[in-house]
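Participant: My structure file coords.pdb, PDB, C-alpha atoms (C1' of nucleotides), is below:
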ATOM      1  CA  MET A   1     135.341  71.157  26.456
ATOM      2  CA  LYS A   2     137.374  70.075  23.492
ATOM      3  CA  ILE A   3     138.195  67.028  21.459
ATOM      4  CA  SER A   4     141.755  65.693  21.547
ATOM      5  CA  SER A   5     143.879  65.596  18.439
ATOM      6  CA  LYS A   6     143.983  61.852  18.869
ATOM      7  CA  THR A   7     140.262  61.684  18.259
ATOM      8  CA  GLU A   8     140.463  64.260  15.503
ATOM      9  CA  TYR A   9     143.101  62.183  13.720
ATOM     10  CA  ALA A  10     141.075  59.035  14.225
ATOM     11  CA  LEU A  11     138.064  60.638  12.594
ATOM     12  CA  LEU A  12     140.080  61.984   9.683
ATOM     13  CA  ALA A  13     141.662  58.577   9.159
ATOM     14  CA  LEU A  14     138.329  56.780   9.264
ATOM     15  CA  ILE A  15     136.800  59.228   6.828
ATOM     16  CA  ASP A  16     139.806  58.743   4.594
ATOM     17  CA  LEU A  17     139.242  54.997   4.681
ATOM     18  CA  ALA A  18     135.560  55.492   3.961
ATOM     19  CA  ARG A  19     136.404  57.650   0.941
ATOM     20  CA  HIS A  20     138.764  55.072  -0.467
ATOM     21  CA  ALA A  21     136.629  52.103   0.415
ATOM     22  CA  GLN A  22     136.838  50.748  -3.119
ATOM     23  CA  GLY A  23     140.621  50.904  -3.238
ATOM     24  CA  GLY A  24     141.228  47.877  -1.080
ATOM     25  CA  TYR A  25     143.748  48.244   1.704
ATOM     26  CA  ILE A  26     145.042  51.764   2.324
ATOM     27  CA  LYS A  27     148.575  52.293   3.587
ATOM     28  CA  ILE A  28     149.370  54.311   6.695
ATOM     29  CA  PRO A  29     151.735  56.707   4.897
ATOM     30  CA  ASP A  30     149.001  57.577   2.400
ATOM     31  CA  ILE A  31     146.528  58.396   5.143
ATOM     32  CA  CYS A  32     149.165  60.426   6.938
ATOM     33  CA  GLU A  33     150.064  62.440   3.913
ATOM     34  CA  ARG A  34     146.532  63.239   2.881
ATOM     35  CA  ASN A  35     145.558  64.318   6.375
ATOM     36  CA  SER A  36     148.771  65.720   7.838
ATOM     37  CA  ILE A  37     148.929  63.203  10.639
ATOM     38  CA  PRO A  38     152.212  62.159  12.293
ATOM     39  CA  ARG A  39     152.948  58.630  11.210
ATOM     40  CA  LYS A  40     153.880  56.967  14.462
ATOM     41  CA  PHE A  41     151.000  58.600  16.210
ATOM     42  CA  LEU A  42     148.521  57.345  13.656
ATOM     43  CA  GLU A  43     149.886  53.815  13.963
ATOM     44  CA  GLN A  44     148.843  53.732  17.601
ATOM     45  CA  ILE A  45     145.469  55.196  16.884
ATOM     46  CA  LEU A  46     144.783  52.646  14.163
ATOM     47  CA  ILE A  47     145.646  49.822  16.491
ATOM     48  CA  THR A  48     143.087  51.147  18.952
ATOM     49  CA  LEU A  49     140.518  51.373  16.184
ATOM     50  CA  LYS A  50     141.353  47.851  15.173
ATOM     51  CA  GLY A  51     141.014  46.628  18.745
ATOM     52  CA  ALA A  52     137.514  48.067  18.766
ATOM     53  CA  GLY A  53     136.699  46.280  15.537
ATOM     54  CA  LEU A  54     136.202  49.426  13.478
ATOM     55  CA  VAL A  55     138.923  48.627  10.958
ATOM     56  CA  ARG A  56     140.752  45.610   9.576
ATOM     57  CA  SER A  57     144.381  45.429   8.559
ATOM     58  CA  ARG A  58     146.744  43.350   6.484
ATOM     59  CA  ARG A  59     150.525  43.256   6.661
ATOM     60  CA  GLY A  60     153.124  42.950   4.005
ATOM     61  CA  GLN A  61     153.083  44.197   0.450
ATOM     62  CA  ASP A  62     149.693  45.548  -0.582
ATOM     63  CA  GLY A  63     148.896  45.675   3.098
ATOM     64  CA  GLY A  64     147.187  48.532   4.901
ATOM     65  CA  TYR A  65     143.900  49.340   6.532
ATOM     66  CA  THR A  66     140.281  49.221   5.527
ATOM     67  CA  LEU A  67     136.967  49.803   7.292
ATOM     68  CA  ALA A  68     135.694  46.646   8.929
ATOM     69  CA  GLY A  69     132.083  47.408   8.110
ATOM     70  CA  ASP A  70     129.960  50.013   6.450
ATOM     71  CA  ALA A  71     130.671  53.696   7.059
ATOM     72  CA  SER A  72     127.057  54.180   8.059
ATOM     73  CA  GLU A  73     127.568  51.938  11.068
ATOM     74  CA  ILE A  74     130.228  54.073  12.691
ATOM     75  CA  SER A  75     129.051  57.111  14.629
ATOM     76  CA  LEU A  76     131.128  60.010  15.889
ATOM     77  CA  ALA A  77     130.063  59.078  19.409
ATOM     78  CA  THR A  78     131.623  55.634  19.070
ATOM     79  CA  VAL A  79     134.946  57.066  18.007
ATOM     80  CA  ILE A  80     135.035  59.845  20.561
ATOM     81  CA  ARG A  81     134.107  57.554  23.427
ATOM     82  CA  LEU A  82     136.719  55.053  22.323
ATOM     83  CA  LEU A  83     139.577  57.544  22.328
ATOM     84  CA  ASP A  84     138.518  60.313  24.692
ATOM     85  CA  GLY A  85     136.224  58.568  27.137
ATOM     86  CA  PRO A  86     132.700  59.670  28.092
ATOM     87  CA  LEU A  87     131.063  62.669  26.463
ATOM     88  CA  ALA A  88     129.960  64.284  29.742
ATOM     89  CA  SER A  89     130.626  67.971  29.892
ATOM     90  CA  VAL A  90     130.946  68.452  33.619
ATOM     91  CA  SER A  91     132.494  66.051  36.078
ATOM     92  CA  SER A  92     129.498  65.979  38.391
ATOM     93  CA  VAL A  93     127.202  64.999  35.590
ATOM     94  CA  SER A  94     128.801  61.643  35.144
ATOM     95  CA  LYS A  95     130.040  61.256  38.699
ATOM     96  CA  TYR A  96     126.683  61.674  40.373
ATOM     97  CA  PHE A  97     124.406  60.668  37.559
ATOM     98  CA  TYR A  98     123.457  57.334  38.992
ATOM     99  CA  THR A  99     123.730  58.185  42.664
ATOM    100  CA  LYS A 100     121.975  60.683  44.905
ATOM    101  CA  THR A 101     123.122  64.181  44.208
ATOM    102  CA  PRO A 102     124.800  65.616  47.321
ATOM    103  CA  ILE A 103     122.822  68.431  48.928
ATOM    104  CA  GLU A 104     125.643  70.807  48.163
ATOM    105  CA  GLN A 105     125.188  70.230  44.470
ATOM    106  CA  ASN A 106     122.970  72.631  42.639
ATOM    107  CA  GLU A 107     120.163  70.728  40.943
ATOM    108  CA  LYS A 108     119.433  73.371  38.374
ATOM    109  CA  LEU A 109     123.056  73.785  37.395
ATOM    110  CA  ILE A 110     123.431  70.060  36.973
ATOM    111  CA  SER A 111     120.380  69.880  34.805
ATOM    112  CA  VAL A 112     121.683  72.521  32.417
ATOM    113  CA  PHE A 113     124.849  70.539  31.915
ATOM    114  CA  ARG A 114     122.930  67.323  31.639
ATOM    115  CA  GLU A 115     120.858  68.880  28.900
ATOM    116  CA  VAL A 116     123.989  69.938  27.018
ATOM    117  CA  ARG A 117     125.505  66.525  27.416
ATOM    118  CA  ASP A 118     122.364  64.916  26.031
ATOM    119  CA  TYR A 119     122.380  67.210  23.043
ATOM    120  CA  ILE A 120     126.008  66.422  22.271
ATOM    121  CA  SER A 121     125.346  62.765  22.776
ATOM    122  CA  ASN A 122     122.430  62.726  20.351
ATOM    123  CA  ARG A 123     124.245  64.746  17.767
ATOM    124  CA  MET A 124     127.323  62.534  17.898
ATOM    125  CA  GLU A 125     125.325  59.348  18.030
ATOM    126  CA  SER A 126     123.307  60.253  14.967
ATOM    127  CA  THR A 127     126.188  61.421  12.804
ATOM    128  CA  THR A 128     127.893  58.580  10.984
ATOM    129  CA  LEU A 129     130.978  58.439   8.822
ATOM    130  CA  ASP A 130     129.115  58.149   5.537
ATOM    131  CA  GLN A 131     127.647  61.596   6.139
ATOM    132  CA  LEU A 132     131.112  63.073   6.279
ATOM    133  CA  ILE A 133     132.602  61.891   3.047
TER     134      ILE A 133
ATOM    135  CA  MET B   1     134.670  67.681  26.605
ATOM    136  CA  LYS B   2     134.260  68.563  30.234
ATOM    137  CA  ILE B   3     134.192  71.503  32.555
ATOM    138  CA  SER B   4     137.031  71.863  35.030
ATOM    139  CA  SER B   5     136.398  71.772  38.746
ATOM    140  CA  LYS B   6     137.747  75.295  38.861
ATOM    141  CA  THR B   7     134.798  76.467  36.791
ATOM    142  CA  GLU B   8     132.432  74.263  38.692
ATOM    143  CA  TYR B   9     133.582  75.779  41.983
ATOM    144  CA  ALA B  10     133.336  79.258  40.536
ATOM    145  CA  LEU B  11     129.738  78.660  39.542
ATOM    146  CA  LEU B  12     128.814  77.186  42.896
ATOM    147  CA  ALA B  13     130.423  80.128  44.666
ATOM    148  CA  LEU B  14     128.662  82.675  42.497
ATOM    149  CA  ILE B  15     125.329  80.991  43.010
ATOM    150  CA  ASP B  16     126.024  80.948  46.723
ATOM    151  CA  LEU B  17     126.656  84.685  46.639
ATOM    152  CA  ALA B  18     123.498  85.211  44.616
ATOM    153  CA  ARG B  19     121.495  83.271  47.190
ATOM    154  CA  HIS B  20     122.839  85.311  50.057
ATOM    155  CA  ALA B  21     122.738  88.604  48.215
ATOM    156  CA  GLN B  22     120.853  90.247  51.090
ATOM    157  CA  GLY B  23     123.330  89.153  53.715
ATOM    158  CA  GLY B  24     126.003  91.697  52.822
ATOM    159  CA  TYR B  25     129.538  90.373  52.462
ATOM    160  CA  ILE B  26     129.929  86.611  52.573
ATOM    161  CA  LYS B  27     133.103  85.073  53.983
ATOM    162  CA  ILE B  28     135.223  82.599  52.072
ATOM    163  CA  PRO B  29     135.029  79.894  54.774
ATOM    164  CA  ASP B  30     131.226  80.023  54.661
ATOM    165  CA  ILE B  31     131.153  79.543  50.913
ATOM    166  CA  CYS B  32     133.659  76.717  51.192
ATOM    167  CA  GLU B  33     131.718  74.913  53.822
ATOM    168  CA  ARG B  34     128.358  75.144  52.131
ATOM    169  CA  ASN B  35     129.761  73.954  48.808
ATOM    170  CA  SER B  36     132.610  71.623  49.785
ATOM    171  CA  ILE B  37     135.253  73.687  48.074
ATOM    172  CA  PRO B  38     138.916  73.670  49.184
ATOM    173  CA  ARG B  39     139.621  77.009  50.792
ATOM    174  CA  LYS B  40     142.897  78.008  49.186
ATOM    175  CA  PHE B  41     141.634  76.962  45.817
ATOM    176  CA  LEU B  42     138.528  79.082  46.129
ATOM    177  CA  GLU B  43     140.611  82.093  47.139
ATOM    178  CA  GLN B  44     142.368  82.029  43.781
ATOM    179  CA  ILE B  45     139.157  81.552  41.905
ATOM    180  CA  LEU B  46     137.513  84.472  43.661
ATOM    181  CA  ILE B  47     140.432  86.712  42.798
ATOM    182  CA  THR B  48     139.958  85.812  39.162
ATOM    183  CA  LEU B  49     136.257  86.547  39.416
ATOM    184  CA  LYS B  50     137.073  89.839  41.067
ATOM    185  CA  GLY B  51     139.549  90.712  38.334
ATOM    186  CA  ALA B  52     136.770  90.198  35.823
ATOM    187  CA  GLY B  53     134.500  92.476  37.784
ATOM    188  CA  LEU B  54     131.953  89.826  38.680
ATOM    189  CA  VAL B  55     132.333  90.178  42.432
ATOM    190  CA  ARG B  56     133.468  92.771  44.942
ATOM    191  CA  SER B  57     135.341  92.158  48.168
ATOM    192  CA  ARG B  58     136.099  93.784  51.468
ATOM    193  CA  ARG B  59     138.852  92.915  53.927
ATOM    194  CA  GLY B  60     138.929  92.781  57.662
ATOM    195  CA  GLN B  61     136.164  92.047  60.093
ATOM    196  CA  ASP B  62     132.790  91.727  58.428
ATOM    197  CA  GLY B  63     134.684  91.396  55.189
ATOM    198  CA  GLY B  64     133.976  88.889  52.459
ATOM    199  CA  TYR B  65     132.591  88.751  48.951
ATOM    200  CA  THR B  66     129.451  89.880  47.254
ATOM    201  CA  LEU B  67     128.186  89.955  43.685
ATOM    202  CA  ALA B  68     129.231  93.126  41.900
ATOM    203  CA  GLY B  69     125.980  93.393  39.968
ATOM    204  CA  ASP B  70     122.727  91.592  39.510
ATOM    205  CA  ALA B  71     122.671  87.813  39.196
ATOM    206  CA  SER B  72     120.731  88.144  35.971
ATOM    207  CA  GLU B  73     123.695  89.832  34.340
ATOM    208  CA  ILE B  74     126.091  86.928  34.760
ATOM    209  CA  SER B  75     125.813  84.084  32.269
ATOM    210  CA  LEU B  76     127.341  80.632  32.484
ATOM    211  CA  ALA B  77     129.241  81.420  29.295
ATOM    212  CA  THR B  78     130.981  84.368  30.919
ATOM    213  CA  VAL B  79     132.173  82.279  33.817
ATOM    214  CA  ILE B  80     133.260  79.307  31.744
ATOM    215  CA  ARG B  81     135.161  81.429  29.252
ATOM    216  CA  LEU B  82     136.853  83.280  32.059
ATOM    217  CA  LEU B  83     138.174  80.172  33.766
ATOM    218  CA  ASP B  84     138.337  77.509  31.084
ATOM    219  CA  GLY B  85     138.894  79.527  27.934
ATOM    220  CA  PRO B  86     136.839  79.282  24.736
ATOM    221  CA  LEU B  87     133.876  76.938  24.514
ATOM    222  CA  ALA B  88     135.025  75.325  21.257
ATOM    223  CA  SER B  89     134.759  71.572  21.304
ATOM    224  CA  VAL B  90     137.410  70.666  18.778
ATOM    225  CA  SER B  91     140.741  72.368  18.297
ATOM    226  CA  SER B  92     140.278  72.990  14.594
ATOM    227  CA  VAL B  93     137.029  74.776  15.154
ATOM    228  CA  SER B  94     138.643  77.652  16.923
ATOM    229  CA  LYS B  95     142.023  77.378  15.248
ATOM    230  CA  TYR B  96     140.723  77.715  11.725
ATOM    231  CA  PHE B  97     137.511  79.538  12.380
ATOM    232  CA  TYR B  98     138.679  82.873  11.082
ATOM    233  CA  THR B  99     141.122  81.648   8.463
ATOM    234  CA  LYS B 100     140.811  79.488   5.389
ATOM    235  CA  THR B 101     140.248  75.894   6.287
ATOM    236  CA  PRO B 102     143.135  73.768   4.982
ATOM    237  CA  ILE B 103     142.144  71.433   2.159
ATOM    238  CA  GLU B 104     143.041  68.475   4.327
ATOM    239  CA  GLN B 105     140.383  69.438   6.841
ATOM    240  CA  ASN B 106     137.015  67.862   6.414
ATOM    241  CA  GLU B 107     134.420  70.578   5.932
ATOM    242  CA  LYS B 108     131.496  68.461   7.026
ATOM    243  CA  LEU B 109     133.217  67.243  10.140
ATOM    244  CA  ILE B 110     134.117  70.771  11.109
ATOM    245  CA  SER B 111     130.576  71.920  10.600
ATOM    246  CA  VAL B 112     129.179  69.273  12.929
ATOM    247  CA  PHE B 113     131.493  70.436  15.672
ATOM    248  CA  ARG B 114     130.771  74.046  14.902
ATOM    249  CA  GLU B 115     127.098  73.322  15.275
ATOM    250  CA  VAL B 116     127.662  71.714  18.655
ATOM    251  CA  ARG B 117     129.800  74.591  19.768
ATOM    252  CA  ASP B 118     127.102  77.050  18.767
ATOM    253  CA  TYR B 119     124.481  75.131  20.664
ATOM    254  CA  ILE B 120     126.594  75.073  23.794
ATOM    255  CA  SER B 121     127.391  78.709  23.340
ATOM    256  CA  ASN B 122     123.736  79.705  23.087
ATOM    257  CA  ARG B 123     122.716  77.565  25.990
ATOM    258  CA  MET B 124     125.448  78.933  28.218
ATOM    259  CA  GLU B 125     124.965  82.490  27.072
ATOM    260  CA  SER B 126     121.279  82.443  27.820
ATOM    261  CA  THR B 127     121.490  80.850  31.244
ATOM    262  CA  THR B 128     122.164  83.371  33.987
ATOM    263  CA  LEU B 129     122.864  82.975  37.672
ATOM    264  CA  ASP B 130     119.449  84.091  38.834
ATOM    265  CA  GLN B 131     117.941  81.074  37.072
ATOM    266  CA  LEU B 132     120.042  78.768  39.193
ATOM    267  CA  ILE B 133     119.201  79.898  42.670
TER     268      ILE B 133
ATOM    269  C1'  DA C   1     165.011  35.312   0.566
ATOM    270  C1'  DT C   2     163.682  39.803   0.724
ATOM    271  C1'  DA C   3     161.201  43.914   0.725
ATOM    272  C1'  DA C   4     157.201  46.152   2.198
ATOM    273  C1'  DA C   5     154.035  46.636   4.995
ATOM    274  C1'  DG C   6     151.828  46.628   9.986
ATOM    275  C1'  DT C   7     152.811  45.635  15.406
ATOM    276  C1'  DC C   8     154.519  46.037  19.851
ATOM    277  C1'  DT C   9     156.934  48.112  23.777
ATOM    278  C1'  DA C  10     159.081  51.682  25.682
ATOM    279  C1'  DC C  11     160.216  56.249  26.358
ATOM    280  C1'  DT C  12     160.011  61.446  26.721
ATOM    281  C1'  DA C  13     158.686  66.176  26.797
ATOM    282  C1'  DT C  14     155.354  69.492  27.893
ATOM    283  C1'  DG C  15     151.476  71.229  29.834
ATOM    284  C1'  DT C  16     147.465  71.405  32.855
ATOM    285  C1'  DA C  17     144.590  70.336  36.793
ATOM    286  C1'  DG C  18     144.036  70.701  41.260
ATOM    287  C1'  DA C  19     145.536  71.922  44.676
ATOM    288  C1'  DT C  20     148.667  73.657  49.311
ATOM    289  C1'  DA C  21     151.733  76.925  52.147
ATOM    290  C1'  DG C  22     152.890  80.958  54.082
ATOM    291  C1'  DA C  23     153.992  85.696  54.334
ATOM    292  C1'  DC C  24     151.573  90.093  53.602
ATOM    293  C1'  DA C  25     147.974  93.933  53.539
ATOM    294  C1'  DA C  26     143.896  96.174  54.839
ATOM    295  C1'  DA C  27     139.992  97.221  57.804
ATOM    296  C1'  DG C  28     137.406  97.370  61.702
ATOM    297  C1'  DT C  29     137.267  97.349  66.959
ATOM    298  C1'  DA C  30     138.917  97.854  71.845
TER     299       DA C  30
ATOM    300  C1'  DT D   1     147.711 102.168  68.851
ATOM    301  C1'  DA D   2     147.483  97.251  68.888
ATOM    302  C1'  DC D   3     145.044  93.311  67.711
ATOM    303  C1'  DT D   4     142.225  90.377  65.224
ATOM    304  C1'  DT D   5     139.919  89.170  61.279
ATOM    305  C1'  DT D   6     139.539  88.929  56.965
ATOM    306  C1'  DG D   7     141.182  88.984  51.965
ATOM    307  C1'  DT D   8     145.744  89.009  48.709
ATOM    308  C1'  DC D   9     149.775  87.646  46.610
ATOM    309  C1'  DT D  10     153.565  84.554  45.238
ATOM    310  C1'  DA D  11     155.563  80.330  45.076
ATOM    311  C1'  DT D  12     155.515  75.568  44.859
ATOM    312  C1'  DC D  13     154.041  70.724  44.219
ATOM    313  C1'  DT D  14     152.256  66.268  42.515
ATOM    314  C1'  DA D  15     149.814  63.492  39.393
ATOM    315  C1'  DC D  16     148.147  62.734  35.151
ATOM    316  C1'  DA D  17     147.150  63.453  30.351
ATOM    317  C1'  DT D  18     148.455  64.898  25.811
ATOM    318  C1'  DA D  19     151.073  64.485  21.914
ATOM    319  C1'  DG D  20     154.288  62.553  20.218
ATOM    320  C1'  DT D  21     159.115  59.635  18.928
ATOM    321  C1'  DA D  22     162.229  55.435  18.461
ATOM    322  C1'  DG D  23     163.341  51.136  17.256
ATOM    323  C1'  DA D  24     163.166  46.295  17.156
ATOM    324  C1'  DC D  25     159.938  42.730  15.591
ATOM    325  C1'  DT D  26     156.396  40.115  12.750
ATOM    326  C1'  DT D  27     153.797  38.993   8.832
ATOM    327  C1'  DT D  28     152.870  38.510   3.899
ATOM    328  C1'  DA D  29     153.380  38.784  -1.109
ATOM    329  C1'  DT D  30     156.514  38.098  -4.712
TER     330       DT D  30
END
When written as structure tokens, how does the structure in this file appear?
Facilitator:
Amino acid sequence: MKISSKTEYALLALIDLARHAQGGYIKIPDICERNSIPRKFLEQILITLKGAGLVRSRRGQDGGYTLAGDASEISLATVIRLLDGPLASVSSVSKYFYTKTPIEQNEKLISVFREVRDYISNRMESTTLDQLI
Amino acid sequence: MKISSKTEYALLALIDLARHAQGGYIKIPDICERNSIPRKFLEQILITLKGAGLVRSRRGQDGGYTLAGDASEISLATVIRLLDGPLASVSSVSKYFYTKTPIEQNEKLISVFREVRDYISNRMESTTLDQLI
DNA sequence: ATAAAGTCTACTATGTAGATAGACAAAGTA
DNA sequence: TACTTTGTCTATCTACATAGTAGACTTTAT
């Protein structure tokens, strides 16, 4: 029922990039310092973000990171799913969602959690980076 | 962002007890069988529930468990908090909730998560066992 | 060439989830 | 009283995830 610090750092880093979008490529140490993120940890996170096409990078002097597209195209849901996996809030919700629910499972209980999951999903899907600058 | 199976089992067990409220004390093996819960695991969970005053127990022949009060007095929130801890969905939300938010923290980001946490909280607080039978 | 970046691979520590095992205690029943 | 049936307590275990750290390597601008 919580978000990992990996995801939290990823979001802070992306927002940092969005804020400094005009400044060209932003260096890892700058992002780290402004957001209190451990350097080596952020490196890994950025590589994941790059793999997903959310950011671009350049090496060497004047290198660094920058958003690959517009901040309005990146939702919280995208980032969370990338780093933390599915948003489901109870294991059965995702496990049995597409199959028949076992008789033992409580339909009403499942539906409460499904409702919560849908709310979270909508909220995260509809919030984009540009709204967080 | 998910509920542990411990909590899931606890809820299933409590609902089971609520369903069989007329039948006096319900035995652990019966609950296990009806809900596919590992026996020794459920034992521990029930002891926690008992410690919190949600259920009562009796040993020996005709022993077992029963709800301590009315099913309408037990909310999902109570059970989840008891077994999984706070409902907060991002570490900073609970960590900094009562203190000054560090400048590095993104106010808007925090408020999105706070909003989600509040929604979950309300939903879980207002859903009680008797609605799940 | 060289310095300043990012990149890749590996490792480690710590905690938590999800159990399992077995001795023990109480309560009812013959 | 002895026995059986139930819950209770304590200890232990394995697997995996989280949250990082270390260091050698590669690319690029000057």
Participant: Could you check the closest approach to DT18 in chain D for each of A:Ile47, A:Phe41, A:Ile28, A:Gly63 and tell me which residue wins, using all atoms listed in the file?
Facilitator: A:Phe41
Participant: So how many Å separate CA of Ser5 in chain A and CA of Val79 in chain A, to one decimal?
Facilitator: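 So the answer is 12.4 Å.
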Participant: Given the file shown, enumerate the residues that the PyMOL selection byres ((chain A) within 9 of (chain C)) captures and present them as JSON, numbers by chain.
Facilitator: {"A": [27, 28, 43, 47, 57, 58, 59, 60, 61, 62, 63, 64]}
Participant: Quote the spacing between CA of Leu76 in chain B and CA of Ser126 in chain B in Å to one decimal place.
Facilitator: 7.9 Å
Participant: For range 6-10 of chain B, please output as an mmCIF file with C-alpha atoms, keeping the file's coordinate frame all residues within 8 Å (counting all atoms listed in the file; exclusion window: fewer than 3 positions along the same chain).
Facilitator:
data_model
loop_
_atom_site.group_PDB
_atom_site.id
_atom_site.type_symbol
_atom_site.label_atom_id
_atom_site.label_comp_id
_atom_site.auth_asym_id
_atom_site.auth_seq_id
_atom_site.Cartn_x
_atom_site.Cartn_y
_atom_site.Cartn_z
ATOM 1 C CA VAL A 90 130.946 68.452 33.619
ATOM 2 C CA ILE B 3 134.192 71.503 32.555
ATOM 3 C CA ALA B 13 130.423 80.128 44.666
ATOM 4 C CA LEU B 14 128.662 82.675 42.497
ATOM 5 C CA ILE B 37 135.253 73.687 48.074
ATOM 6 C CA LEU B 42 138.528 79.082 46.129
ATOM 7 C CA ILE B 45 139.157 81.552 41.905
ATOM 8 C CA LEU B 46 137.513 84.472 43.661
ATOM 9 C CA LEU B 49 136.257 86.547 39.416
ATOM 10 C CA VAL B 79 132.173 82.279 33.817
ATOM 11 C CA ILE B 80 133.260 79.307 31.744
ATOM 12 C CA LEU B 83 138.174 80.172 33.766
ATOM 13 C CA ASP B 84 138.337 77.509 31.084
#
Participant: Written as a list in words, which residues does the PyMOL selection byres ((chain D) within 6 of (chain B)) give for the file shown?
Facilitator: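 Expected selection for the PyMOL selection byres ((chain D) within 6 of (chain B)) here is DT5, DT6 and DG7 of chain D.
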Participant: By how many Å are CA of Gln22 in chain B and CA of Ala68 in chain B apart?
Facilitator: 12.8 Å
Participant: Using all atoms listed in the file, can you tell me which of B:Glu115, B:Thr78, B:Ala18, B:Asn35 comes closest to chain A?
Facilitator: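 Closest candidate: B:Asn35.
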Participant: Each side padded by 8 Å, which centre and which edge lengths in Å (one decimal) define the axis-aligned box around the listed atoms of range 2-11 of chain B? Give them as lines of an AutoDock Vina configuration file.
Facilitator:
center_x = 133.7
center_y = 73.9
center_z = 36.1
size_x = 24.0
size_y = 26.7
size_z = 27.7
Participant: With distances taken over all atoms listed in the file, which residue among B:Ser75, B:Thr48, B:Ser111, B:Asn122 lies nearest DT8 in chain D?
Facilitator: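 Smallest separation from DT8 in chain D among the options: B:Thr48.
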Participant: Could you give me, as a list in words, the residues that have an atom at most 10 Å away from the point (143.7, 63.2, 3.3) in the coordinates of the file, using only C-alpha atoms (C1' of nucleotides)?
Facilitator: Leu12, Ala13, Ile15, Asp16, Leu17, Arg19, Asp30, Ile31, Cys32, Glu33, Arg34, Asn35, Ser36 and Ile37 of chain A; Ile103, Glu104, Gln105 and Asn106 of chain B
Participant: Taking all atoms listed in the file into account, which of B:Ile26, B:Ala71, B:Ala77, B:Leu11 comes nearest chain A?
Facilitator: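 The answer is B:Leu11, which sits nearest to chain A.
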